[in-house]
Amino acid sequence: MIDDIMQRLGVSPDAYRNGNLAVTTPIDGSVIGRVHSASASEVEAQIAAAEVAFLAWREVPAPRRGELVRLFGEQLRTHKQDLGALVTWECGKILQEGLGEVQEMIDICDLAVGQSRQLFGLTIASERPGHHMRESWHPLGPVGLITAFNFPVAPWAWNAALALVCGNSLLWKPSEKTPLTALACQALLERAMAAFGDDAPAQLSQVIIGERETGEQLVDDARVALVSATGSTRMGREVGPRVAARFGRSILELGGNNAMILAPSADLDMATRAILFSAVGTAGQRCTTLRRLIVHESIKAEVITRLKKAYAGVSIGNPLEGQLVGPLIDQQAFDAMQGVLAKARDQGAKVFGGERQLAEQYANGYYVSPAIVEVDAQDELVRHETFAPILYVMSYRELDEAIALNNDVPQGLSSCIFTTDVREAESFVSDVGSDCGIANVNIGPSGAEIGGAFGGEKETGGGRESGSDVWKSYMRRQTNTVNYSRELPLAQGIKFD
Ligand code: UN1
């Protein structure tokens, strides 16, 4: 099965059969590949090659660079089914979500193609006669991409598509849990490069498979102009300062602890569906997963009854077979979830669900029923991001109190309110509302479109990826003052007589 998919995606068997690093599927824990983990000297050579590729690629006109991304988007359209299935095999999300992830890649390619003709700067009025001022944008250098297991392909594509049209080369270190999808994306990009022609340098995009040290090498190397990293806050806390110490740039997309405020006027049918999708989807392993429900005390009992009913109807099982919830990534994730639920019980919280499922069928697959945990206060447990389907429920009386709860966590990725009261809705997205990078009204916190800037504040890292004006992060800004007169006036009216 994997072999057929890999063959259609153009990955040679040598690349994923005989290496030293075993790749398992969370579906049943079986080994589905063995990839080669790069040595320090191999990584060094790859970084050097990325620099050479950058110097050639930056000379290719931006709209022509866009053509490569257009061809890559075509490959993704053709192979959406296979790549989506491979995502499912490797990280365990259900097939619909695997396909959704590939669609997100296609969408960002479309956006980047258009962007390739719009890398524009400003013209600025000069205070000096006979002078022009403007701002221009130039390619930056090799871009290092560190991605996480839970979205093995889309965040890479958000960065890669823009970085390529902006004239940069790519070095991709995927999660060691999901290297096969990275090899597949690379193979599809290489096909696009072959169709594109000679002006795409050979090492324009490279995958570097390895563990922690490999990431560190990318992070510490001054030739890597920008490091864009998706993952845990713990990881970002190391990456950010290390890149900054060498004056490199970083884009950090780290943990989330996303809340929904559920107001008395909310459409509860809609809200229940949104909660289910965003709390249970991807088995609670999205950085945008709904983790905290802040519900008005007057509707709390009804909402919990509805949720328990909805949760009881969730089908859990093999993600290739049309279930709603697949497995957690591994035993470590399962143990972390169980540890947190045990602590919650100790603290007197009411816990519903959260048990292991299908253990007899899949001894090495970690399936769980999603959990609802009723808490009285937002304590340390609630303030911590546990990467599993745990939904904490707490209540509020006044909107101000709910907004304060929304904001009173270390993370600041996504948030939302369900209300039909326009005053409440507008307050939530106002200057004194949610402090998150994403704040939605009558939509859950997950499932963002690529047109907006994606990312968040505080311990989420502050980076933004995908749409809006994010392309600027992959370029270097230059201010140009051009004197077309025969005089040499100084700014600020300074005269040396
Ligand atoms: C992530 O979980 O790392 O908004 C990214 C969403 C997706 C991206 C999630 N578009 O849920």
# chains A, B, ... in the order shown; residues from 1 in each chain; ligands from 1
>>> residues_near_ligand(ligand="ligand 1", cutoff="8 Å", atoms="only C-alpha atoms and all ligand atoms", output="PyMOL selection string")
chain A and resi 101+104+148+150-151+154-155+230-231+253+285-289+445-450+454
>>> select_by_dssp(residues="segment 149-316 of chain A", states="strand (DSSP E)", output="PDB file with C-alpha atoms, in the first residue's frame")
ATOM      1  CA  LEU A 170      14.624  25.796   1.098  1.00  0.00           C
ATOM      2  CA  LEU A 171      16.002  23.439   3.727  1.00  0.00           C
ATOM      3  CA  TRP A 172      13.243  21.391   5.295  1.00  0.00           C
ATOM      4  CA  LYS A 173      13.634  19.451   8.513  1.00  0.00           C
ATOM      5  CA  SER A 205      14.749  22.598  -2.121  1.00  0.00           C
ATOM      6  CA  GLN A 206      16.222  19.950   0.152  1.00  0.00           C
ATOM      7  CA  VAL A 207      14.873  17.726   2.879  1.00  0.00           C
ATOM      8  CA  LEU A 226      15.353  32.688   8.279  1.00  0.00           C
ATOM      9  CA  VAL A 227      14.218  29.792  10.439  1.00  0.00           C
ATOM     10  CA  SER A 228      10.500  29.147  10.425  1.00  0.00           C
ATOM     11  CA  ALA A 229       9.592  26.663  13.133  1.00  0.00           C
ATOM     12  CA  THR A 230       6.300  25.047  14.037  1.00  0.00           C
ATOM     13  CA  ARG A 249      15.278  35.908  11.597  1.00  0.00           C
ATOM     14  CA  SER A 250      12.717  33.494  12.887  1.00  0.00           C
ATOM     15  CA  ILE A 251       9.017  32.821  12.485  1.00  0.00           C
ATOM     16  CA  LEU A 252       7.693  30.859  15.447  1.00  0.00           C
ATOM     17  CA  GLU A 253       4.354  29.079  15.441  1.00  0.00           C
ATOM     18  CA  ASN A 258      -7.595  28.070  22.405  1.00  0.00           C
ATOM     19  CA  ALA A 259     -10.907  29.011  23.968  1.00  0.00           C
ATOM     20  CA  MET A 260     -14.504  29.477  22.938  1.00  0.00           C
ATOM     21  CA  ILE A 261     -16.791  31.848  24.810  1.00  0.00           C
ATOM     22  CA  LEU A 262     -20.319  30.535  24.575  1.00  0.00           C
ATOM     23  CA  LEU A 290     -10.423  23.970  21.102  1.00  0.00           C
ATOM     24  CA  ARG A 291      -9.109  23.291  24.601  1.00  0.00           C
ATOM     25  CA  ARG A 292     -11.216  25.568  26.815  1.00  0.00           C
ATOM     26  CA  LEU A 293     -14.948  26.181  26.740  1.00  0.00           C
ATOM     27  CA  ILE A 294     -16.016  29.259  28.698  1.00  0.00           C
ATOM     28  CA  VAL A 295     -19.773  28.927  28.853  1.00  0.00           C
ATOM     29  CA  HIS A 296     -22.326  31.270  30.400  1.00  0.00           C
TER      30      HIS A 296
END
>>> atom_distance(atom1="atom CA of Val153 of chain A", atom2="atom CA of Gly84 of chain A")
9.5 Å
>>> residues_around(residues="segment 176-189 of chain A", least_positions_apart="4", cutoff="6 Å", atoms="only C-alpha atoms", output="number ranges by chain")
A: 9-11, 72, 90, 149
>>> write_last_selection(atoms="C-alpha atoms", output="JSON list (two decimals), in the first residue's frame")
[["chain", "number", "residue", "atom", "x", "y", "z"],
["A", 9, "LEU", "CA", 4.33, 10.15, -5.79],
["A", 10, "GLY", "CA", 7.75, 9.55, -7.34],
["A", 11, "VAL", "CA", 9.77, 8.61, -4.24],
["A", 72, "PHE", "CA", 3.99, 22.44, -8.06],
["A", 90, "GLU", "CA", 2.00, 8.77, 8.77],
["A", 149, "PHE", "CA", 4.09, 15.82, 13.08]]
>>> closest_residue(among="A:Ala112, A:Leu71, A:Ile304, A:Met475", to="Asn168 of chain A", atoms="only C-alpha atoms")
A:Met475
>>> select_by_dssp(residues="segment 283-453 of chain A", states="helix (DSSP H, G or I)", output="MDAnalysis selection string")
chainID A and resid 283:284 300:312 319:321 331:346 380:383 399:407 422:428
>>> residues_around(residues="Glu398 of chain A", least_positions_apart="3", cutoff="10 Å", atoms="only C-alpha atoms", output="ChimeraX atom specification")
/A:263,296-297,395,401-403
>>> closest_residue(among="A:Leu122, A:Met6, A:Ile275, A:Leu21", to="Ser37 of chain A", atoms="only C-alpha atoms")
A:Leu21
>>> atom_distance(atom1="atom CA of Gly255 of chain A", atom2="atom CA of Gln411 of chain A")
6.5 Å
>>> closest_residue(among="A:Val422, A:Ala349, A:Leu324, A:Met105", to="Gln378 of chain A", atoms="only C-alpha atoms")
A:Ala349
>>> closest_residue(among="A:Tyr484, A:Ile106, A:Gly144, A:Ile390", to="Thr78 of chain A", atoms="only C-alpha atoms")
A:Ile106
>>> closest_residue(among="A:Val165, A:Met133, A:Ile2, A:Leu111", to="Arg65 of chain A", atoms="only C-alpha atoms")
A:Val165
>>> residues_around(residues="segment 455-469 of chain A", least_positions_apart="2", cutoff="7 Å", atoms="only C-alpha atoms", output="list in words")
Ile108, Trp158, Asn159, Thr233, Ile251, Leu252, Glu253, Leu254, Gly255, Gly256, Pro410, Gln411, Gly412, Leu413, Ser414, Cys436, Gly437, Ile438, Ile450, Gly451, Gly452, Ala453, Trp471 and Lys472 of chain A
>>> write_last_selection(atoms="N, CA and C atoms", output="short mmCIF file (atom, residue, chain, number, x, y, z; two decimals), in the first residue's frame")
data_model
loop_
_atom_site.label_atom_id
_atom_site.label_comp_id
_atom_site.auth_asym_id
_atom_site.auth_seq_id
_atom_site.Cartn_x
_atom_site.Cartn_y
_atom_site.Cartn_z
N ILE A 108 -2.36 27.65 -0.94
CA ILE A 108 -1.23 28.58 -0.74
C ILE A 108 -0.41 28.70 -2.02
N TRP A 158 2.94 26.45 3.33
CA TRP A 158 2.71 27.90 3.54
C TRP A 158 4.02 28.65 3.42
N ASN A 159 5.06 28.09 4.05
CA ASN A 159 6.37 28.75 4.04
C ASN A 159 7.07 28.58 2.69
N THR A 233 6.04 25.08 22.47
CA THR A 233 6.62 26.28 23.07
C THR A 233 8.01 25.98 23.60
N ILE A 251 10.48 32.78 12.42
CA ILE A 251 9.02 32.82 12.48
C ILE A 251 8.65 31.65 13.39
N LEU A 252 8.03 31.94 14.51
CA LEU A 252 7.69 30.86 15.45
C LEU A 252 6.19 30.67 15.51
N GLU A 253 5.78 29.43 15.34
CA GLU A 253 4.35 29.08 15.44
C GLU A 253 4.28 27.94 16.44
N LEU A 254 3.98 28.30 17.70
CA LEU A 254 4.13 27.34 18.81
C LEU A 254 2.78 26.97 19.40
N GLY A 255 2.77 26.68 20.67
CA GLY A 255 1.56 26.12 21.29
C GLY A 255 0.36 27.05 21.32
N GLY A 256 -0.79 26.43 21.43
CA GLY A 256 -2.03 27.20 21.58
C GLY A 256 -2.82 26.65 22.76
N PRO A 410 -0.85 31.42 29.11
CA PRO A 410 0.41 31.90 28.53
C PRO A 410 0.39 31.95 26.99
N GLN A 411 -0.50 31.16 26.36
CA GLN A 411 -0.50 31.07 24.91
C GLN A 411 -1.48 32.09 24.29
N GLY A 412 -1.31 32.39 23.01
CA GLY A 412 -2.20 33.38 22.39
C GLY A 412 -2.46 33.11 20.92
N LEU A 413 -2.79 31.83 20.60
CA LEU A 413 -2.98 31.52 19.18
C LEU A 413 -4.38 31.86 18.69
N SER A 414 -5.38 31.06 19.09
CA SER A 414 -6.70 31.24 18.49
C SER A 414 -7.78 31.31 19.56
N CYS A 436 -5.51 37.14 21.21
CA CYS A 436 -4.92 36.10 20.35
C CYS A 436 -4.67 36.59 18.92
N GLY A 437 -3.82 35.86 18.21
CA GLY A 437 -3.57 36.17 16.80
C GLY A 437 -4.79 35.91 15.93
N ILE A 438 -5.64 35.01 16.38
CA ILE A 438 -6.87 34.67 15.64
C ILE A 438 -8.04 34.82 16.60
N ILE A 450 -6.16 29.97 4.25
CA ILE A 450 -4.79 30.45 4.07
C ILE A 450 -4.71 31.95 3.70
N GLY A 451 -5.83 32.58 3.40
CA GLY A 451 -5.79 33.99 3.01
C GLY A 451 -5.37 34.94 4.12
N GLY A 452 -5.65 34.56 5.36
CA GLY A 452 -5.28 35.41 6.50
C GLY A 452 -3.89 35.07 7.00
N ALA A 453 -3.36 35.93 7.86
CA ALA A 453 -2.09 35.63 8.50
C ALA A 453 -2.37 34.65 9.64
N TRP A 471 4.29 37.51 3.11
CA TRP A 471 5.40 37.33 2.17
C TRP A 471 6.60 38.21 2.54
N LYS A 472 6.33 39.34 3.18
CA LYS A 472 7.43 40.27 3.51
C LYS A 472 8.45 39.64 4.46
#
>>> decode(residues="segment 140-168 of chain A", atoms="N, CA and C atoms", output="mmCIF file, in the first residue's frame")
data_model
loop_
_atom_site.group_PDB
_atom_site.id
_atom_site.type_symbol
_atom_site.label_atom_id
_atom_site.label_comp_id
_atom_site.auth_asym_id
_atom_site.auth_seq_id
_atom_site.Cartn_x
_atom_site.Cartn_y
_atom_site.Cartn_z
ATOM 1 N N LEU A 140 15.968 36.836 0.376
ATOM 2 C CA LEU A 140 16.604 36.865 1.694
ATOM 3 C C LEU A 140 17.792 35.908 1.822
ATOM 4 N N GLY A 141 17.613 34.682 1.363
ATOM 5 C CA GLY A 141 18.665 33.670 1.539
ATOM 6 C C GLY A 141 18.033 32.311 1.758
ATOM 7 N N PRO A 142 18.832 31.315 2.102
ATOM 8 C CA PRO A 142 18.256 29.996 2.402
ATOM 9 C C PRO A 142 17.298 30.091 3.599
ATOM 10 N N VAL A 143 16.176 29.424 3.471
ATOM 11 C CA VAL A 143 15.171 29.435 4.532
ATOM 12 C C VAL A 143 15.095 28.046 5.160
ATOM 13 N N GLY A 144 15.260 27.966 6.466
ATOM 14 C CA GLY A 144 15.170 26.684 7.178
ATOM 15 C C GLY A 144 13.760 26.488 7.704
ATOM 16 N N LEU A 145 13.188 25.328 7.425
ATOM 17 C CA LEU A 145 11.812 25.060 7.842
ATOM 18 C C LEU A 145 11.790 23.860 8.767
ATOM 19 N N ILE A 146 11.274 24.068 9.955
ATOM 20 C CA ILE A 146 11.160 22.973 10.922
ATOM 21 C C ILE A 146 9.672 22.757 11.142
ATOM 22 N N THR A 147 9.195 21.560 10.870
ATOM 23 C CA THR A 147 7.742 21.341 10.950
ATOM 24 C C THR A 147 7.405 20.220 11.932
ATOM 25 N N ALA A 148 6.128 20.178 12.314
ATOM 26 C CA ALA A 148 5.680 19.272 13.370
ATOM 27 C C ALA A 148 4.905 18.088 12.769
ATOM 28 N N PHE A 149 4.737 17.041 13.582
ATOM 29 C CA PHE A 149 4.086 15.824 13.076
ATOM 30 C C PHE A 149 2.605 16.026 12.768
ATOM 31 N N ASN A 150 1.953 16.950 13.474
ATOM 32 C CA ASN A 150 0.485 16.991 13.419
ATOM 33 C C ASN A 150 -0.050 17.597 12.132
ATOM 34 N N PHE A 151 0.731 18.507 11.545
ATOM 35 C CA PHE A 151 0.437 19.027 10.207
ATOM 36 C C PHE A 151 1.708 18.843 9.396
ATOM 37 N N PRO A 152 1.913 17.607 8.900
ATOM 38 C CA PRO A 152 3.233 17.324 8.321
ATOM 39 C C PRO A 152 3.504 18.041 6.995
ATOM 40 N N VAL A 153 2.463 18.477 6.284
ATOM 41 C CA VAL A 153 2.739 19.074 4.965
ATOM 42 C C VAL A 153 2.266 20.514 4.775
ATOM 43 N N ALA A 154 1.111 20.901 5.330
ATOM 44 C CA ALA A 154 0.575 22.236 5.012
ATOM 45 C C ALA A 154 1.462 23.386 5.511
ATOM 46 N N PRO A 155 1.908 23.378 6.781
ATOM 47 C CA PRO A 155 2.762 24.493 7.210
ATOM 48 C C PRO A 155 4.064 24.592 6.413
ATOM 49 N N TRP A 156 4.593 23.455 5.994
ATOM 50 C CA TRP A 156 5.762 23.526 5.107
ATOM 51 C C TRP A 156 5.389 24.287 3.836
ATOM 52 N N ALA A 157 4.238 23.932 3.266
ATOM 53 C CA ALA A 157 3.833 24.567 2.005
ATOM 54 C C ALA A 157 3.550 26.064 2.189
ATOM 55 N N TRP A 158 2.942 26.453 3.332
ATOM 56 C CA TRP A 158 2.710 27.895 3.543
ATOM 57 C C TRP A 158 4.024 28.654 3.416
ATOM 58 N N ASN A 159 5.064 28.092 4.052
ATOM 59 C CA ASN A 159 6.375 28.747 4.038
ATOM 60 C C ASN A 159 7.068 28.580 2.693
ATOM 61 N N ALA A 160 7.034 27.350 2.180
ATOM 62 C CA ALA A 160 7.812 27.049 0.978
ATOM 63 C C ALA A 160 7.300 27.830 -0.229
ATOM 64 N N ALA A 161 5.979 27.870 -0.415
ATOM 65 C CA ALA A 161 5.427 28.524 -1.611
ATOM 66 C C ALA A 161 5.803 30.005 -1.626
ATOM 67 N N LEU A 162 5.680 30.655 -0.476
ATOM 68 C CA LEU A 162 6.025 32.082 -0.417
ATOM 69 C C LEU A 162 7.533 32.276 -0.516
ATOM 70 N N ALA A 163 8.286 31.458 0.219
ATOM 71 C CA ALA A 163 9.746 31.610 0.196
ATOM 72 C C ALA A 163 10.275 31.433 -1.230
ATOM 73 N N LEU A 164 9.702 30.505 -1.982
ATOM 74 C CA LEU A 164 10.175 30.282 -3.354
ATOM 75 C C LEU A 164 9.878 31.474 -4.248
ATOM 76 N N VAL A 165 8.649 31.995 -4.201
ATOM 77 C CA VAL A 165 8.372 33.143 -5.087
ATOM 78 C C VAL A 165 9.188 34.364 -4.648
ATOM 79 N N CYS A 166 9.543 34.413 -3.375
ATOM 80 C CA CYS A 166 10.358 35.527 -2.880
ATOM 81 C C CYS A 166 11.836 35.363 -3.228
ATOM 82 N N GLY A 167 12.205 34.242 -3.859
ATOM 83 C CA GLY A 167 13.572 34.089 -4.365
ATOM 84 C C GLY A 167 14.532 33.371 -3.440
ATOM 85 N N ASN A 168 14.001 32.569 -2.526
ATOM 86 C CA ASN A 168 14.847 31.884 -1.546
ATOM 87 C C ASN A 168 14.946 30.388 -1.827
#
